[in-house]
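structure_17.csv, holding CSV, C-alpha atoms:
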```csv
chain,number,residue,atom,x,y,z
A,27,MET,CA,114.8,-23.2,264.6
A,28,ALA,CA,111.6,-22.4,266.5
A,29,THR,CA,111.7,-20.3,269.7
A,30,PRO,CA,109.5,-21.0,272.7
A,31,HIS,CA,106.1,-19.6,272.5
A,32,ARG,CA,104.6,-17.6,275.4
A,33,ALA,CA,101.1,-18.3,276.6
A,34,LEU,CA,98.4,-16.1,275.1
A,35,ARG,CA,96.8,-13.6,277.5
A,36,THR,CA,93.1,-13.8,278.2
A,37,PRO,CA,91.3,-10.4,277.8
A,38,THR,CA,90.3,-9.0,281.1
A,39,ALA,CA,87.6,-6.7,280.0
A,40,PRO,CA,86.3,-7.4,276.4
A,41,ALA,CA,84.7,-4.3,274.8
A,42,PRO,CA,83.0,-3.7,271.5
A,43,ARG,CA,85.8,-3.4,268.9
A,44,PRO,CA,86.0,-0.4,266.5
A,45,PRO,CA,87.8,-1.0,263.2
A,46,CYS,CA,91.3,0.1,262.6
A,47,PRO,CA,91.2,3.8,261.6
A,48,SER,CA,92.0,3.2,257.9
A,49,LEU,CA,89.1,0.7,257.5
A,50,VAL,CA,86.7,3.6,257.6
A,51,PRO,CA,85.5,4.6,255.0
A,52,PRO,CA,85.3,1.8,252.4
A,53,PRO,CA,87.5,2.1,249.3
A,54,ASP,CA,84.8,3.7,247.1
A,55,ALA,CA,84.1,6.6,249.5
A,56,ASP,CA,85.3,10.1,248.9
A,57,ALA,CA,86.5,10.8,252.4
A,58,PRO,CA,90.3,10.9,252.8
A,59,ARG,CA,92.2,8.0,254.3
A,60,PRO,CA,93.7,8.3,257.7
A,61,THR,CA,97.4,9.3,257.8
A,62,ALA,CA,100.3,7.0,258.5
A,63,ALA,CA,100.8,8.7,261.8
A,64,ALA,CA,97.2,7.9,262.9
A,65,VAL,CA,97.6,4.3,261.9
A,66,LEU,CA,101.0,3.9,263.7
A,67,GLY,CA,99.4,5.5,266.8
A,68,GLU,CA,96.6,2.9,266.7
A,69,LEU,CA,99.1,0.0,266.3
A,70,LEU,CA,101.2,1.3,269.2
A,71,ALA,CA,98.0,1.6,271.3
A,72,GLY,CA,97.0,-1.9,270.3
A,73,ASN,CA,100.4,-3.2,271.4
A,74,ALA,CA,100.0,-1.5,274.7
A,75,ARG,CA,96.6,-3.2,275.1
A,76,TYR,CA,98.3,-6.6,274.3
A,77,VAL,CA,101.1,-6.0,276.9
A,78,SER,CA,98.6,-5.0,279.6
A,79,GLY,CA,96.3,-8.0,278.8
A,80,ARG,CA,93.4,-5.8,277.8
A,81,LEU,CA,92.8,-7.1,274.3
A,82,ARG,CA,89.6,-6.0,272.6
A,83,GLN,CA,87.0,-8.4,271.4
A,84,PRO,CA,88.0,-9.6,267.8
A,85,TYR,CA,85.6,-9.0,264.9
A,86,VAL,CA,85.3,-10.1,261.3
A,87,ARG,CA,86.4,-7.4,258.8
A,88,PRO,CA,83.5,-6.2,256.7
A,89,THR,CA,83.7,-7.0,253.0
A,90,GLY,CA,85.2,-4.2,250.9
A,91,ARG,CA,87.3,-2.7,253.6
A,92,ARG,CA,91.0,-2.3,253.2
A,93,PRO,CA,93.9,-3.1,255.6
A,94,CYS,CA,95.3,-0.2,257.6
A,95,ALA,CA,99.0,-1.3,257.3
A,96,VAL,CA,101.4,-3.7,255.7
A,97,VAL,CA,103.5,-5.6,258.2
A,98,VAL,CA,106.7,-7.3,257.1
A,99,GLY,CA,107.4,-9.7,259.9
A,100,CYS,CA,109.3,-12.9,260.7
A,101,VAL,CA,107.9,-16.5,260.4
A,102,ASP,CA,109.6,-17.3,263.7
A,103,ALA,CA,107.9,-14.5,265.7
A,104,PRO,CA,106.5,-15.7,269.1
A,105,VAL,CA,103.0,-14.3,268.3
A,106,PRO,CA,101.3,-13.2,265.0
A,107,PRO,CA,101.2,-9.4,264.3
A,108,GLU,CA,97.4,-9.3,264.5
A,109,LEU,CA,97.5,-10.4,268.1
A,110,VAL,CA,100.5,-8.5,269.3
A,111,LEU,CA,99.1,-5.3,267.8
A,112,ASP,CA,95.5,-6.1,268.8
A,113,GLN,CA,94.0,-5.9,265.3
A,114,ALA,CA,91.4,-8.1,263.8
A,115,LEU,CA,92.1,-10.5,261.0
A,116,GLY,CA,92.2,-8.4,257.8
A,117,ASP,CA,93.2,-5.2,259.5
A,118,LEU,CA,96.8,-5.9,258.5
A,119,LEU,CA,98.3,-7.2,255.4
A,120,CYS,CA,101.0,-9.4,256.8
A,121,VAL,CA,104.0,-10.7,254.8
A,122,ARG,CA,106.2,-13.0,256.9
A,123,THR,CA,109.6,-14.5,256.0
A,124,ALA,CA,112.4,-15.7,258.2
A,125,GLY,CA,114.4,-12.7,259.4
A,126,GLN,CA,112.2,-10.4,257.3
A,127,VAL,CA,114.3,-11.4,254.3
A,128,LEU,CA,113.2,-9.6,251.1
A,129,ASP,CA,112.8,-11.1,247.7
A,130,GLU,CA,110.7,-10.1,244.6
A,131,ALA,CA,107.6,-11.8,245.9
A,132,VAL,CA,107.8,-10.0,249.2
A,133,LEU,CA,108.3,-6.7,247.6
A,134,GLY,CA,105.5,-7.3,245.2
A,135,SER,CA,103.2,-8.1,248.0
A,136,VAL,CA,104.2,-4.9,249.9
A,137,GLN,CA,103.6,-2.9,246.7
A,138,TYR,CA,100.2,-4.5,246.3
A,139,GLY,CA,99.3,-3.3,249.8
A,140,VAL,CA,100.6,0.2,249.3
A,141,GLN,CA,99.6,1.0,245.7
A,142,GLU,CA,96.5,-1.2,245.2
A,143,LEU,CA,95.0,-1.2,248.7
A,144,GLY,CA,96.2,2.2,249.8
A,145,ALA,CA,97.9,1.2,253.0
A,146,PRO,CA,99.6,4.4,254.3
A,147,LEU,CA,102.0,2.5,256.6
A,148,VAL,CA,104.6,-0.2,256.2
A,149,LEU,CA,105.9,-1.7,259.5
A,150,VAL,CA,109.0,-3.9,259.5
A,151,LEU,CA,108.7,-5.9,262.6
A,152,GLY,CA,111.8,-7.9,263.9
A,153,HIS,CA,111.8,-9.8,267.2
A,154,GLU,CA,114.1,-10.8,269.9
A,155,ARG,CA,115.6,-14.4,269.8
A,156,CYS,CA,115.1,-14.7,266.1
A,157,ALA,CA,116.1,-18.2,265.1
A,158,ALA,CA,117.1,-17.1,261.6
A,159,VAL,CA,119.6,-14.6,263.1
A,160,ALA,CA,120.9,-17.4,265.4
A,161,ALA,CA,121.4,-19.7,262.5
A,162,THR,CA,123.3,-17.0,260.6
A,163,LEU,CA,125.6,-16.3,263.6
A,164,GLU,CA,126.3,-20.0,264.0
A,165,ARG,CA,127.2,-20.2,260.3
A,166,LEU,CA,129.6,-17.2,260.6
A,167,ARG,CA,131.2,-18.6,263.8
A,168,THR,CA,131.8,-22.1,262.5
A,169,GLY,CA,131.6,-22.1,258.7
A,170,ALA,CA,129.2,-25.0,258.9
A,171,PRO,CA,127.1,-25.6,255.7
A,172,VAL,CA,123.4,-24.7,255.7
A,173,PRO,CA,121.1,-27.2,254.1
A,174,GLY,CA,119.0,-26.5,251.0
A,175,HIS,CA,117.0,-23.3,250.7
A,176,LEU,CA,118.0,-22.2,254.2
A,177,GLU,CA,121.3,-21.0,252.8
A,178,LEU,CA,119.6,-18.2,251.0
A,179,LEU,CA,118.2,-16.9,254.3
A,180,VAL,CA,121.5,-17.0,256.0
A,181,GLU,CA,123.2,-15.3,253.1
A,182,GLU,CA,120.7,-12.5,253.2
A,183,ILE,CA,121.1,-11.9,256.9
A,184,ALA,CA,124.9,-12.3,257.0
A,185,PRO,CA,125.7,-8.7,255.9
A,186,ALA,CA,123.8,-7.3,258.9
A,187,ALA,CA,125.6,-9.7,261.2
A,188,ARG,CA,129.0,-8.7,259.8
A,189,ARG,CA,128.2,-5.1,260.3
A,190,ALA,CA,127.2,-5.7,263.9
A,191,ARG,CA,130.0,-8.2,264.8
A,192,ASN,CA,132.4,-5.7,266.5
A,193,ARG,CA,129.8,-3.8,268.4
A,194,PRO,CA,130.0,-4.3,272.2
A,195,GLY,CA,127.3,-6.3,273.7
A,196,ASP,CA,124.9,-9.0,272.4
A,197,TRP,CA,125.8,-9.9,268.8
A,198,ALA,CA,122.4,-11.4,268.1
A,199,GLU,CA,120.6,-8.3,269.4
A,200,HIS,CA,122.7,-6.0,267.3
A,201,THR,CA,122.2,-8.2,264.2
A,202,LEU,CA,118.4,-8.2,264.7
A,203,ARG,CA,118.4,-4.5,264.9
A,204,ALA,CA,120.7,-4.1,261.9
A,205,GLN,CA,118.7,-6.5,259.8
A,206,THR,CA,115.4,-4.9,260.6
A,207,THR,CA,116.5,-1.4,259.9
A,208,TRP,CA,118.2,-2.5,256.7
A,209,VAL,CA,114.9,-4.0,255.5
A,210,ARG,CA,113.2,-0.7,256.4
A,211,ASP,CA,115.7,1.4,254.6
A,212,ALA,CA,115.6,-0.9,251.5
A,213,ILE,CA,111.8,-0.5,251.3
A,214,ARG,CA,112.1,3.3,251.9
A,215,ALA,CA,114.6,3.7,249.1
A,216,ASP,CA,112.3,2.0,246.5
A,217,PRO,CA,110.1,4.5,244.7
A,218,ALA,CA,107.4,1.9,244.5
A,219,PHE,CA,106.7,2.6,248.2
A,220,ALA,CA,106.9,6.4,248.1
A,221,ALA,CA,103.3,6.8,249.0
A,222,ALA,CA,103.7,5.1,252.4
A,223,GLN,CA,105.6,5.8,255.6
A,224,VAL,CA,108.0,3.0,256.4
A,225,VAL,CA,109.1,2.3,260.0
A,226,ALA,CA,110.9,-0.4,261.8
A,227,ALA,CA,110.3,-1.9,265.2
A,228,ARG,CA,111.6,-4.6,267.6
A,229,LEU,CA,109.3,-7.0,269.5
A,230,ASP,CA,110.4,-8.1,273.0
A,231,ALA,CA,110.0,-11.9,273.2
A,232,GLY,CA,109.2,-11.9,276.9
A,233,SER,CA,106.8,-9.0,277.4
A,234,GLY,CA,105.5,-8.6,273.8
A,235,LEU,CA,106.3,-4.9,273.9
A,236,MET,CA,107.0,-3.3,270.5
A,237,SER,CA,109.6,-0.5,270.4
A,238,LEU,CA,110.2,1.7,267.3
A,239,LEU,CA,113.8,1.5,266.1
A,240,PRO,CA,115.7,4.8,265.3
```

Represent the supplied structure as structure tokens.
Amino acid sequence: MATPHRALRTPTAPAPRPPCPSLVPPPDADAPRPTAAAVLGELLAGNARYVSGRLRQPYVRPTGRRPCAVVVGCVDAPVPPELVLDQALGDLLCVRTAGQVLDEAVLGSVQYGVQELGAPLVLVLGHERCAAVAATLERLRTGAPVPGHLELLVEEIAPAARRARNRPGDWAEHTLRAQTTWVRDAIRADPAFAAAQVVAARLDAGSGLMSLLP
């Protein structure tokens, strides 16, 4: 179910890399943590750097720092969230499942990031040409059986696909958006995540541009 991977860009002008805004100060400091809006702004700026090919020099996260955001992404995404958002390893707490499907382990991991690590932002990141979405649509079109544990993924994405089926245009694109926003809304509705802002975004498979979903 893999999608073609695009070539990674080479940074054109490496520069000293400051940490993600929520990594300053360390957890035991008294200074307030940056807001969700500030973190989201940095992630959007990081994505703009990625799209333009001006990635910053990566660095190793200092011990004791906390991630700035939780990213609920897809295992089939063409590039990892840290790269497409131009953040160092450890800046983001990434939880990836096919089609951003939720289960108790995923929700527990997101809750750990929000409640225990203090991440002010949860980003649900879907992507164009999602193979899990494609498999779900094929199942709905043909009724073909899905082997083993893959059936769970298809069943979890199928409600979004059914809601999007009669919309004009690309069924796969509508399903991707419906699934991503449903996951966002499910997390938003859970009181365990009330301390964080939860947003959804779509990643373009060709350009790597991330767009927030309404």

> At what distance in Å, to one decimal, does atom CA of Leu239 of chain A lie from atom CA of Ala227 of chain A?
Replying inline: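 Spanning atom CA of Ala227 of chain A to atom CA of Leu239 of chain A is a straight-line distance of 5.0 Å.
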
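With distances taken over all atoms listed in the file, A:Pro93 is the one residue among A:Gly125, A:Pro185, A:Pro93, A:Pro104 lying closest to Pro146 of chain A.
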
> Which one is closest to Leu238 of chain A: A:Leu69, A:Leu163, A:Leu115, A:Val105? Count only C-alpha atoms.
Replying inline: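 Going through A:Leu69, A:Leu163, A:Leu115, A:Val105 one by one, the smallest distance to Leu238 of chain A is for A:Leu69.
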
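One distance worth recording is that between atom CA of Asp129 of chain A and atom CA of Ala157 of chain A, which is 19.1 Å.
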
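Across the model, the gap from atom CA of Leu111 of chain A to atom CA of Arg203 of chain A is 19.5 Å.
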
>> Taking only C-alpha atoms into account, name the residue in A:Gln113, A:Asn192, A:Thr207, A:Gln126 that is nearest to Val225 of chain A.
In response: A:Thr207

> For Val172 of chain A, which residue out of A:Ala158, A:Cys120, A:Gly234, A:Pro107 is the nearest one, using only C-alpha atoms?
Replying inline: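 Using only C-alpha atoms, Val172 of chain A sits closest to A:Ala158.
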
> Which neighbours of Leu128 of chain A fall inside 9 Å, counting all atoms listed in the file, when residues of the same chain fewer than 4 positions from it are skipped, and could you give them as a ChimeraX atom specification?
Replying inline: /A:123,132-133,182,209

>> List the spatial neighbours of segment 219-221 of chain A as a PyMOL selection string - criterion: any atom at most 12 Å away, all atoms listed in the file, same-chain residues fewer than 5 positions off excluded.
In response: chain A and resi 61-62+96+133-148+210-214

> Which one of A:Arg193, A:His153, A:Arg75, A:Arg165 sits closest to Asp102 of chain A if you count all atoms listed in the file?
Replying inline: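 Looking only at the distances to Asp102 of chain A, the closest residue turns out to be A:His153.
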
> Using all atoms listed in the file, which of A:Pro240, A:Glu154, A:Arg228, A:Cys100 sits nearest Leu179 of chain A?
Replying inline: A:Cys100

>> Give me, as a list of chain:residue names, all polymer residues having an atom no more than 10 Å from Leu70 of chain A, counting all atoms listed in the file and skipping those fewer than 6 positions away in the same chain.
In response: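 Final neighbour list, sorted by chain and number: A:Ala64, A:Tyr76, A:Val110, A:Leu111, A:Asp112, A:Leu235, A:Met236, A:Ser237, A:Leu238.
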
Residue subset to file, keeping C-alpha atoms, as a compact mmCIF listing (two decimals), in the coordinates of the input:
```txt
# COMPACT_ATOMS: atom_id res chain seq x y z
CA ALA A 64 97.20 7.90 262.90
CA TYR A 76 98.30 -6.60 274.30
CA VAL A 110 100.50 -8.50 269.30
CA LEU A 111 99.10 -5.30 267.80
CA ASP A 112 95.50 -6.10 268.80
CA LEU A 235 106.30 -4.90 273.90
CA MET A 236 107.00 -3.30 270.50
CA SER A 237 109.60 -0.50 270.40
CA LEU A 238 110.20 1.70 267.30
```

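The shell of residues at most 12 Å from Glu164 of chain A, with all atoms listed in the file counted and near chain neighbours (fewer than 4 positions) removed, consists of Met27, Ala157, Ala158, Val159, Ala160, Thr168, Gly169, Ala170, Pro171, Val172, Val180, Ile183, Ala184, Ala187, Trp197 and Ala198 of chain A.
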